[in-house]
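Data from coords_4.txt: compact mmCIF, C-alpha atoms and all ligand atoms
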# COMPACT_ATOMS: atom_id res chain seq x y z
CA MET H 15 0.00 0.00 0.00
CA HIS H 16 1.18 3.50 -0.80
CA VAL H 17 2.80 5.05 2.28
CA ARG H 18 0.67 8.20 2.09
CA ILE H 19 -2.58 6.25 1.98
CA LEU H 20 -1.41 4.13 4.90
CA LEU H 21 -0.64 7.25 6.93
CA VAL H 22 -4.05 8.75 6.16
CA LEU H 23 -5.75 5.50 7.23
CA VAL H 24 -3.75 5.34 10.44
CA SER H 25 -4.54 8.94 11.23
CA CYS H 26 -8.29 8.35 10.55
CA ALA H 27 -8.25 5.30 12.84
CA LEU H 28 -6.52 7.29 15.56
CA SER H 29 -8.98 10.14 15.37
CA VAL H 30 -11.82 7.63 15.86
CA ILE H 31 -10.37 6.03 18.97
CA THR H 32 -8.77 9.09 20.49
CA GLY H 33 -10.81 11.83 22.09
CA LEU H 34 -8.92 14.98 22.87
CA VAL H 35 -10.36 16.92 25.76
CA ILE H 36 -9.46 20.56 25.71
CA ALA H 37 -10.62 21.97 28.99
CA ARG H 38 -13.22 24.71 28.69
CA GLY H 39 -12.38 28.36 29.20
CA GLY H 40 -13.27 30.02 32.45
CA VAL H 41 -11.33 31.93 34.98
CA GLY H 42 -8.22 29.79 34.70
CA VAL H 43 -6.59 28.61 37.76
CA THR H 44 -2.91 29.04 38.07
CA ALA H 45 -2.87 32.78 37.64
CA ALA H 46 -5.09 33.25 40.68
CA ARG H 47 -4.12 30.23 42.79
CA GLN H 48 -0.94 28.40 43.54
CA ARG H 49 -2.85 25.21 44.32
CA PRO H 50 -5.87 24.35 42.16
CA LEU H 51 -9.10 23.74 44.07
CA ILE H 52 -11.03 20.56 43.18
CA GLY H 53 -14.69 20.08 44.17
CA LEU H 54 -15.77 16.46 44.74
CA SER H 55 -19.54 15.93 44.84
CA MET H 56 -20.53 12.43 45.99
CA ASP H 57 -23.89 10.65 45.98
CA THR H 58 -23.26 8.84 49.24
CA LEU H 59 -20.62 7.74 51.72
CA LYS H 60 -22.65 4.86 53.12
CA GLU H 61 -21.01 2.09 51.14
CA GLU H 62 -17.47 1.28 52.18
CA ARG H 63 -16.07 1.75 48.68
CA TRP H 64 -17.05 5.42 48.47
CA GLN H 65 -15.19 6.24 51.71
CA ILE H 66 -12.09 4.65 50.17
CA ASP H 67 -12.64 6.58 46.92
CA ARG H 68 -12.86 9.84 48.85
CA ASP H 69 -9.75 9.18 50.93
CA LEU H 70 -7.56 7.96 48.08
CA PHE H 71 -8.73 10.69 45.70
CA THR H 72 -8.10 13.44 48.26
CA ALA H 73 -4.68 12.06 49.17
CA ALA H 74 -3.62 11.77 45.51
CA ALA H 75 -4.86 15.27 44.64
CA GLN H 76 -3.15 16.82 47.66
CA ALA H 77 0.10 15.01 46.89
CA ALA H 78 -0.08 16.37 43.33
CA GLY H 79 -0.44 19.94 44.63
CA ALA H 80 -4.20 20.57 44.77
CA ASP H 81 -6.75 21.17 47.50
CA VAL H 82 -10.05 19.27 47.62
CA LEU H 83 -13.50 20.20 48.93
CA VAL H 84 -15.73 17.14 49.42
CA GLN H 85 -19.52 17.11 49.78
CA SER H 86 -21.78 14.06 50.06
CA ALA H 87 -25.52 14.18 49.29
CA ASN H 88 -26.71 11.23 51.38
CA SER H 89 -28.58 9.75 48.37
CA ASN H 90 -30.63 12.89 47.76
CA ASP H 91 -30.77 14.62 44.34
CA VAL H 92 -31.83 17.99 45.74
CA VAL H 93 -28.97 17.96 48.23
CA GLN H 94 -26.48 16.91 45.55
CA LEU H 95 -27.51 19.86 43.38
CA GLN H 96 -27.18 22.21 46.37
CA ASN H 97 -23.72 20.75 47.03
CA ILE H 98 -22.69 21.42 43.45
CA GLU H 99 -24.01 25.00 43.64
CA SER H 100 -22.07 25.54 46.84
CA LEU H 101 -18.85 24.18 45.28
CA ILE H 102 -19.36 26.50 42.29
CA THR H 103 -19.84 29.45 44.67
CA GLN H 104 -16.59 28.49 46.39
CA LYS H 105 -14.96 28.87 42.97
CA VAL H 106 -13.56 25.40 42.46
CA ASP H 107 -11.40 25.07 39.33
CA VAL H 108 -12.87 21.72 38.37
CA LEU H 109 -15.79 19.58 39.54
CA VAL H 110 -15.63 15.82 39.99
CA ILE H 111 -19.13 14.36 40.31
CA ILE H 112 -20.32 10.90 41.37
CA PRO H 113 -24.01 11.35 40.52
CA LYS H 114 -26.82 9.69 42.41
CA ASP H 115 -29.16 10.20 39.45
CA ALA H 116 -27.54 10.11 36.01
CA ALA H 117 -30.16 12.34 34.38
CA ALA H 118 -30.84 14.76 37.25
CA MET H 119 -27.18 15.77 37.59
CA ALA H 120 -27.10 17.13 33.99
CA LYS H 121 -28.38 20.32 35.65
CA GLY H 122 -25.26 20.41 37.85
CA VAL H 123 -23.04 20.10 34.78
CA GLU H 124 -24.90 22.97 33.08
CA LEU H 125 -24.47 25.20 36.13
CA ALA H 126 -20.76 24.37 36.32
CA HIS H 127 -20.29 25.11 32.63
CA GLN H 128 -22.08 28.46 32.97
CA ALA H 129 -19.40 29.30 35.53
CA GLY H 130 -16.64 28.06 33.16
CA ILE H 131 -15.87 25.01 35.33
CA PRO H 132 -15.10 21.68 33.60
CA VAL H 133 -16.71 18.48 34.92
CA LEU H 134 -15.32 14.97 35.30
CA SER H 135 -17.95 12.23 35.81
CA TYR H 136 -16.42 9.73 38.26
CA ASP H 137 -17.35 6.04 38.07
CA ARG H 138 -20.98 6.83 37.09
CA LEU H 139 -21.99 8.60 33.87
CA ILE H 140 -24.03 11.81 33.87
CA THR H 141 -26.44 11.64 30.93
CA GLY H 142 -28.04 14.21 28.59
CA CYS H 143 -25.42 16.97 28.84
CA ASP H 144 -22.13 18.18 27.37
CA LEU H 145 -19.87 16.38 29.78
CA ASP H 146 -16.10 17.02 29.59
CA LEU H 147 -14.72 13.65 30.69
CA TYR H 148 -15.80 10.27 32.09
CA LEU H 149 -13.56 7.97 34.12
CA THR H 150 -14.85 4.54 35.07
CA PHE H 151 -14.29 0.80 35.05
CA ASP H 152 -15.52 -1.44 32.25
CA ASN H 153 -19.02 -1.73 33.69
CA VAL H 154 -20.49 -4.03 31.04
CA LYS H 155 -17.60 -6.41 31.75
CA VAL H 156 -18.46 -6.32 35.48
CA GLY H 157 -21.91 -7.74 34.64
CA GLU H 158 -20.36 -10.26 32.26
CA LEU H 159 -17.93 -11.54 34.91
CA GLN H 160 -20.77 -11.94 37.42
CA ALA H 161 -22.93 -13.88 34.95
CA LYS H 162 -20.01 -15.96 33.60
CA PHE H 163 -19.36 -17.15 37.12
CA LEU H 164 -22.92 -18.52 37.24
CA ALA H 165 -22.79 -19.86 33.68
CA ASP H 166 -19.83 -22.03 34.75
CA ARG H 167 -21.90 -23.47 37.59
CA ILE H 168 -25.05 -24.64 35.85
CA PRO H 169 -25.98 -28.06 37.30
CA GLN H 170 -24.97 -30.98 34.99
CA SER H 171 -28.52 -32.14 34.63
CA GLY H 172 -31.23 -29.52 34.70
CA LYS H 173 -31.07 -25.77 34.89
CA LEU H 174 -29.85 -22.99 37.15
CA ARG H 175 -32.78 -21.36 38.95
CA LEU H 176 -31.89 -17.73 39.52
CA ILE H 177 -32.97 -14.64 41.45
CA ARG H 178 -31.67 -11.40 39.91
CA ILE H 179 -31.17 -8.25 42.01
CA TYR H 180 -30.29 -5.19 39.98
CA GLY H 181 -28.96 -1.92 41.39
CA ALA H 182 -30.56 1.53 41.52
CA LYS H 183 -32.58 2.34 38.39
CA THR H 184 -31.32 5.93 38.57
CA ASP H 185 -27.66 4.82 38.29
CA ASN H 186 -26.49 4.38 34.70
CA ASN H 187 -23.98 1.79 35.92
CA ALA H 188 -26.79 -0.44 37.18
CA LYS H 189 -28.10 -0.60 33.60
CA LEU H 190 -24.63 -1.40 32.25
CA PHE H 191 -24.14 -4.19 34.81
CA LYS H 192 -27.49 -5.65 33.73
CA GLN H 193 -26.52 -5.31 30.06
CA GLY H 194 -23.31 -7.28 30.70
CA GLN H 195 -25.22 -9.94 32.66
CA ASP H 196 -27.79 -10.19 29.83
CA ASN H 197 -25.01 -10.67 27.25
CA ILE H 198 -24.11 -13.94 28.97
CA LEU H 199 -27.50 -15.03 30.31
CA GLN H 200 -29.86 -14.44 27.38
CA PRO H 201 -28.55 -17.35 25.26
CA LEU H 202 -28.60 -19.63 28.32
CA ILE H 203 -32.15 -18.61 29.16
CA ALA H 204 -33.18 -19.23 25.54
CA ALA H 205 -31.52 -22.67 25.68
CA GLY H 206 -33.43 -23.53 28.88
CA LYS H 207 -30.24 -23.78 30.96
CA VAL H 208 -31.05 -20.79 33.18
CA GLU H 209 -34.45 -19.82 34.55
CA VAL H 210 -34.95 -16.42 36.16
CA ILE H 211 -37.53 -17.09 38.84
CA PHE H 212 -37.58 -13.61 40.40
CA GLU H 213 -36.04 -10.23 39.56
CA ASP H 214 -36.21 -6.66 40.81
CA TRP H 215 -34.28 -3.39 41.16
CA ALA H 216 -32.92 -2.46 44.61
CA GLU H 217 -33.85 1.19 45.09
CA ASP H 218 -30.82 3.38 45.93
CA TRP H 219 -28.70 0.19 45.99
CA LYS H 220 -29.80 -0.34 49.61
CA PRO H 221 -28.99 -3.71 51.25
CA GLU H 222 -32.35 -3.64 53.08
CA ASN H 223 -34.13 -3.44 49.70
CA ALA H 224 -32.11 -6.42 48.43
CA LYS H 225 -33.16 -8.31 51.57
CA LYS H 226 -36.82 -7.46 50.89
CA ILE H 227 -36.47 -8.68 47.29
CA THR H 228 -34.97 -11.97 48.49
CA ASN H 229 -37.68 -12.38 51.13
CA ALA H 230 -40.37 -11.74 48.50
CA ALA H 231 -38.75 -14.28 46.15
CA ILE H 232 -38.63 -16.96 48.86
CA THR H 233 -42.24 -16.25 49.84
CA LYS H 234 -43.27 -16.67 46.21
CA ILE H 235 -41.19 -19.66 45.08
CA GLY H 236 -39.88 -21.27 48.27
CA PRO H 237 -36.26 -22.34 48.82
CA ASN H 238 -35.96 -24.18 45.52
CA PHE H 239 -33.40 -22.01 43.70
CA ASP H 240 -29.65 -22.16 43.06
CA ALA H 241 -28.24 -18.66 42.84
CA ILE H 242 -28.71 -14.94 43.47
CA LEU H 243 -27.15 -12.60 40.93
CA ALA H 244 -26.66 -9.61 43.23
CA SER H 245 -25.17 -6.65 41.37
CA ASN H 246 -22.88 -5.42 44.18
CA ASP H 247 -21.60 -6.45 47.60
CA GLY H 248 -24.06 -4.25 49.49
CA THR H 249 -27.06 -5.93 47.87
CA ALA H 250 -25.32 -9.33 48.22
CA GLY H 251 -25.08 -8.63 51.97
CA GLY H 252 -28.82 -7.90 52.18
CA ALA H 253 -29.66 -11.04 50.20
CA ILE H 254 -27.39 -13.20 52.38
CA GLN H 255 -29.09 -11.88 55.51
CA ALA H 256 -32.41 -13.14 54.15
CA LEU H 257 -30.78 -16.48 53.23
CA THR H 258 -29.32 -16.79 56.74
CA GLU H 259 -32.77 -16.34 58.29
CA GLU H 260 -34.02 -19.22 56.09
CA GLY H 261 -31.03 -21.46 56.85
CA LEU H 262 -29.90 -21.18 53.21
CA ALA H 263 -26.68 -19.17 53.53
CA GLY H 264 -23.75 -21.07 51.98
CA LYS H 265 -26.10 -23.30 49.98
CA ILE H 266 -26.99 -20.66 47.39
CA ILE H 267 -24.42 -19.10 45.04
CA VAL H 268 -24.34 -15.32 45.55
CA THR H 269 -22.39 -12.86 43.37
CA GLY H 270 -21.28 -9.30 44.15
CA GLN H 271 -18.98 -6.42 43.22
CA ASP H 272 -16.58 -4.01 44.98
CA ALA H 273 -14.50 -6.42 47.12
CA ASP H 274 -15.92 -4.76 50.26
CA LEU H 275 -14.21 -6.12 53.36
CA ALA H 276 -17.47 -7.73 54.57
CA ALA H 277 -17.85 -9.42 51.15
CA CYS H 278 -14.26 -10.71 51.16
CA GLN H 279 -14.91 -12.16 54.63
CA ARG H 280 -18.12 -13.80 53.39
CA ILE H 281 -16.19 -15.28 50.46
CA ALA H 282 -13.58 -16.67 52.87
CA GLN H 283 -16.39 -18.12 55.01
CA GLY H 284 -18.34 -19.47 52.01
CA THR H 285 -21.62 -17.52 52.21
CA GLN H 286 -20.78 -15.37 49.15
CA ALA H 287 -19.23 -17.00 46.07
CA MET H 288 -17.58 -14.11 44.21
CA THR H 289 -17.10 -10.39 43.91
CA VAL H 290 -15.61 -8.15 41.25
CA TYR H 291 -12.51 -6.22 42.28
CA LYS H 292 -12.35 -2.73 40.83
CA PRO H 293 -9.02 -1.23 42.02
CA ILE H 294 -10.10 2.00 43.69
CA GLN H 295 -6.48 3.07 43.98
CA SER H 296 -6.39 3.20 40.14
CA ILE H 297 -9.59 5.16 39.63
CA ALA H 298 -8.89 7.57 42.50
CA THR H 299 -5.32 8.41 41.48
CA LYS H 300 -6.21 8.60 37.78
CA ALA H 301 -9.15 10.89 38.61
CA ALA H 302 -6.92 13.16 40.68
CA ASP H 303 -4.44 13.38 37.81
CA LEU H 304 -7.16 14.10 35.21
CA ALA H 305 -8.97 16.59 37.46
CA LEU H 306 -5.73 18.48 37.94
CA LYS H 307 -5.16 18.60 34.18
CA LEU H 308 -8.70 19.93 33.69
CA ALA H 309 -8.13 22.48 36.46
CA ARG H 310 -4.90 23.63 34.81
CA ARG H 311 -6.66 23.73 31.44
CA GLN H 312 -4.21 21.19 30.00
CA PRO H 313 -5.24 18.91 27.10
CA ILE H 314 -6.11 15.27 27.90
CA VAL H 315 -6.11 12.32 25.52
CA ALA H 316 -8.94 9.85 26.20
CA ARG H 317 -8.87 6.66 24.11
CA ASP H 318 -12.56 5.74 24.50
CA ALA H 319 -15.85 7.53 24.00
CA VAL H 320 -19.15 6.68 25.70
CA SER H 321 -22.46 8.12 24.52
CA ASN H 322 -24.45 9.83 27.26
CA GLY H 323 -27.47 10.41 25.04
CA LYS H 324 -26.40 13.96 24.15
CA THR H 325 -22.77 13.56 23.13
CA ASP H 326 -19.92 11.05 22.89
CA VAL H 327 -18.08 11.73 26.13
CA PRO H 328 -14.29 11.26 26.02
CA SER H 329 -13.79 8.37 28.43
CA VAL H 330 -11.14 6.39 30.26
CA LEU H 331 -12.11 2.78 31.16
CA LEU H 332 -10.14 0.82 33.77
CA GLU H 333 -9.66 -2.95 34.13
CA ILE H 334 -11.36 -5.26 36.66
CA THR H 335 -10.91 -8.78 38.10
CA SER H 336 -13.22 -11.58 39.23
CA VAL H 337 -12.49 -12.66 42.85
CA THR H 338 -13.32 -16.02 44.41
CA LYS H 339 -12.16 -17.98 47.46
CA GLU H 340 -9.39 -19.47 45.27
CA ASN H 341 -7.79 -16.17 44.24
CA LEU H 342 -8.55 -13.85 47.22
CA ARG H 343 -4.86 -13.96 48.15
CA ASP H 344 -3.61 -13.40 44.59
CA THR H 345 -5.87 -10.41 43.94
CA VAL H 346 -7.17 -8.09 46.66
CA ILE H 347 -4.67 -9.21 49.31
CA LYS H 348 -1.64 -9.21 46.98
CA ASP H 349 -2.68 -5.75 45.77
CA GLY H 350 -2.70 -4.45 49.36
CA PHE H 351 -6.41 -3.56 49.06
CA ARG H 352 -7.26 -6.04 51.85
CA LYS H 353 -5.19 -7.49 54.69
CA GLU H 354 -5.03 -11.27 55.01
CA SER H 355 -5.69 -11.00 58.77
CA ASP H 356 -8.87 -8.94 58.13
CA VAL H 357 -10.24 -11.28 55.45
CA PHE H 358 -9.49 -14.57 57.24
CA GLN H 359 -10.26 -13.29 60.75
C1 LIG L 1 -20.74 1.50 41.52
C2 LIG L 1 -20.59 0.29 42.39
C3 LIG L 1 -21.36 0.50 43.69
C4 LIG L 1 -22.79 0.95 43.41
C5 LIG L 1 -23.53 1.33 44.68
C6 LIG L 1 -22.21 1.79 41.30
O1 LIG L 1 -22.38 2.88 40.47
O2 LIG L 1 -20.09 1.30 40.28
O3 LIG L 1 -19.23 0.06 42.66
O4 LIG L 1 -21.41 -0.68 44.43
O5 LIG L 1 -22.79 2.06 42.57
O6 LIG L 1 -22.95 2.42 45.30

The structure given in the file should be rewritten as structure tokens.
Amino acid sequence: MHVRILLVLVSCALSVITGLVIARGGVGVTAARQRPLIGLSMDTLKEERWQIDRDLFTAAAQAAGADVLVQSANSNDVVQLQNIESLITQKVDVLVIIPKDAAAMAKGVELAHQAGIPVLSYDRLITGCDLDLYLTFDNVKVGELQAKFLADRIPQSGKLRLIRIYGAKTDNNAKLFKQGQDNILQPLIAAGKVEVIFEDWAEDWKPENAKKITNAAITKIGPNFDAILASNDGTAGGAIQALTEEGLAGKIIVTGQDADLAACQRIAQGTQAMTVYKPIQSIATKAADLALKLARRQPIVARDAVSNGKTDVPSVLLEITSVTKENLRDTVIKDGFRKESDVFQ
């Protein structure tokens, strides 16, 4: 092939996979401030993972020369919007948002942009707005790993009878986890190898709602099922509580996500079968680095793009790992995310 044509093709391919984020205008930081100020708006701090996200993000940003203001909305959209307004009033140079409601927080992005402040969507996508950057894990793959684990455990004769517990309907990630699960399960359901006997969404991702769903499933169909596809460790915990009350804990396969300490302990004890480890150290330090670049109005190269319904958002997707009793030591413990003495108390 002619060298010039080859170069043109390569450059076309690159422009498809590479999104270049040029931070929006605005006041500009470094002239006014020695240390950029980052605003972090969080949905909640109830789940263990979000406390770790906050601590690691703040530490990384401070070490890189920035200051961080953190606000948590306690799972309330109105409060989260107020938090964002307050961070804008305090003249942050960049906003990092973990939205409770993907659609509702588009308003927060608009307000930030009116003030010339760029926005990084952290872990969860904000939909229907001109978002600057999205940093997350491969969420469809999370769902695929959860479902693959079950697909490998279909009884030799017969089918796997399954309860499915999805996350919060308002969280775009919950839909992506389901999409990944469906990718694996749909063909198995069509082939009669998996039967979904009960399914529901756990409002606000609350463990107590997952427990209610499990109770309702047992009331309806009795104890004759094989597995619960819980979408994260919090909901897995709620489901396992219901199983414990019925004397079923350890007999039913339960999935999860986040490698929460309580979940790792349950995996060691045998009441939960797997979790998905998403290295928070990676997302938190990468987010701090990207937020600082946005604050300093430096260009960023993002290799992926994710549609949020309004635009293709330049995105960075991080890798994940499936964790079971067999590889607890080689994954979360080896990585220093969990201590052996905590997991195997
Ligand atoms: C996150 C999960 C988390 C869930 C509930 C999702 O958006 O990706 O890690 O368990 O929210 O907070």

Pull the closest atom pair for each residue of chain H that gets at most 8 Å from ligand LIG 1 (chain L), along with the distance in Å to one decimal, counting only C-alpha atoms and all ligand atoms, ordering rows by chain and then ascending residue number, as CSV.
residue,atom,partner,partner_atom,distance
H:Thr58,CA,L:LIG1,O6,7.5
H:Glu61,CA,L:LIG1,O6,6.2
H:Arg63,CA,L:LIG1,O3,7.0
H:Trp64,CA,L:LIG1,O6,7.3
H:Asp137,CA,L:LIG1,O2,5.9
H:Arg138,CA,L:LIG1,O1,5.4
H:Phe151,CA,L:LIG1,O2,7.8
H:Asn153,CA,L:LIG1,O2,7.3
H:Gly181,CA,L:LIG1,C4,7.1
H:Ala182,CA,L:LIG1,C5,7.7
H:Asp185,CA,L:LIG1,O1,6.0
H:Asn186,CA,L:LIG1,O1,7.2
H:Asn187,CA,L:LIG1,O1,4.9
H:Ala188,CA,L:LIG1,O1,6.4
H:Asp218,CA,L:LIG1,C5,7.7
H:Trp219,CA,L:LIG1,C5,5.5
H:Ser245,CA,L:LIG1,O4,7.7
H:Asn246,CA,L:LIG1,O4,5.0
H:Asp247,CA,L:LIG1,O4,6.6
H:Gly248,CA,L:LIG1,O4,6.7
H:Gln271,CA,L:LIG1,O4,6.3
H:Asp272,CA,L:LIG1,O3,5.4
H:Lys292,CA,L:LIG1,O3,7.6

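CA of Gly130 (chain H) sits 9.7 Å away from CA of Ile102 (chain H).
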
Next item on the list: Give as a PyMOL selection string the set of residues within 7 Å of the point (-34.3, -22.8, 51.9), where distances use the file's coordinates and all atoms listed in the file.
Entry: chain H and resi 236-238+260-262

Could you write out the selected residues, including C-alpha atoms, as a CSV table (one decimal), in the coordinates of the input?
chain,number,residue,atom,x,y,z
H,236,GLY,CA,-39.9,-21.3,48.3
H,237,PRO,CA,-36.3,-22.3,48.8
H,238,ASN,CA,-36.0,-24.2,45.5
H,260,GLU,CA,-34.0,-19.2,56.1
H,261,GLY,CA,-31.0,-21.5,56.8
H,262,LEU,CA,-29.9,-21.2,53.2

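Restricting the calculation to all atoms listed in the file, the smallest distance between Ile266 (chain H) and any of H:Asn90, H:Asn341, H:Thr228, H:Ser296 is found for H:Thr228.
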
Next item on the list: Quick one: everything within 6 Å of Gly157 (chain H), counting all atoms listed in the file, minus sequence neighbours fewer than 5 positions away in the same chain. Send it as number ranges by chain.
Entry: H: 191, 194-195

Would you export the selected residues with C-alpha atoms as a compact mmCIF listing (two decimals), in the coordinates of the input, please?
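Produced file again32.txt, reproduced below:
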# COMPACT_ATOMS: atom_id res chain seq x y z
CA PHE H 191 -24.14 -4.19 34.81
CA GLY H 194 -23.31 -7.28 30.70
CA GLN H 195 -25.22 -9.94 32.66
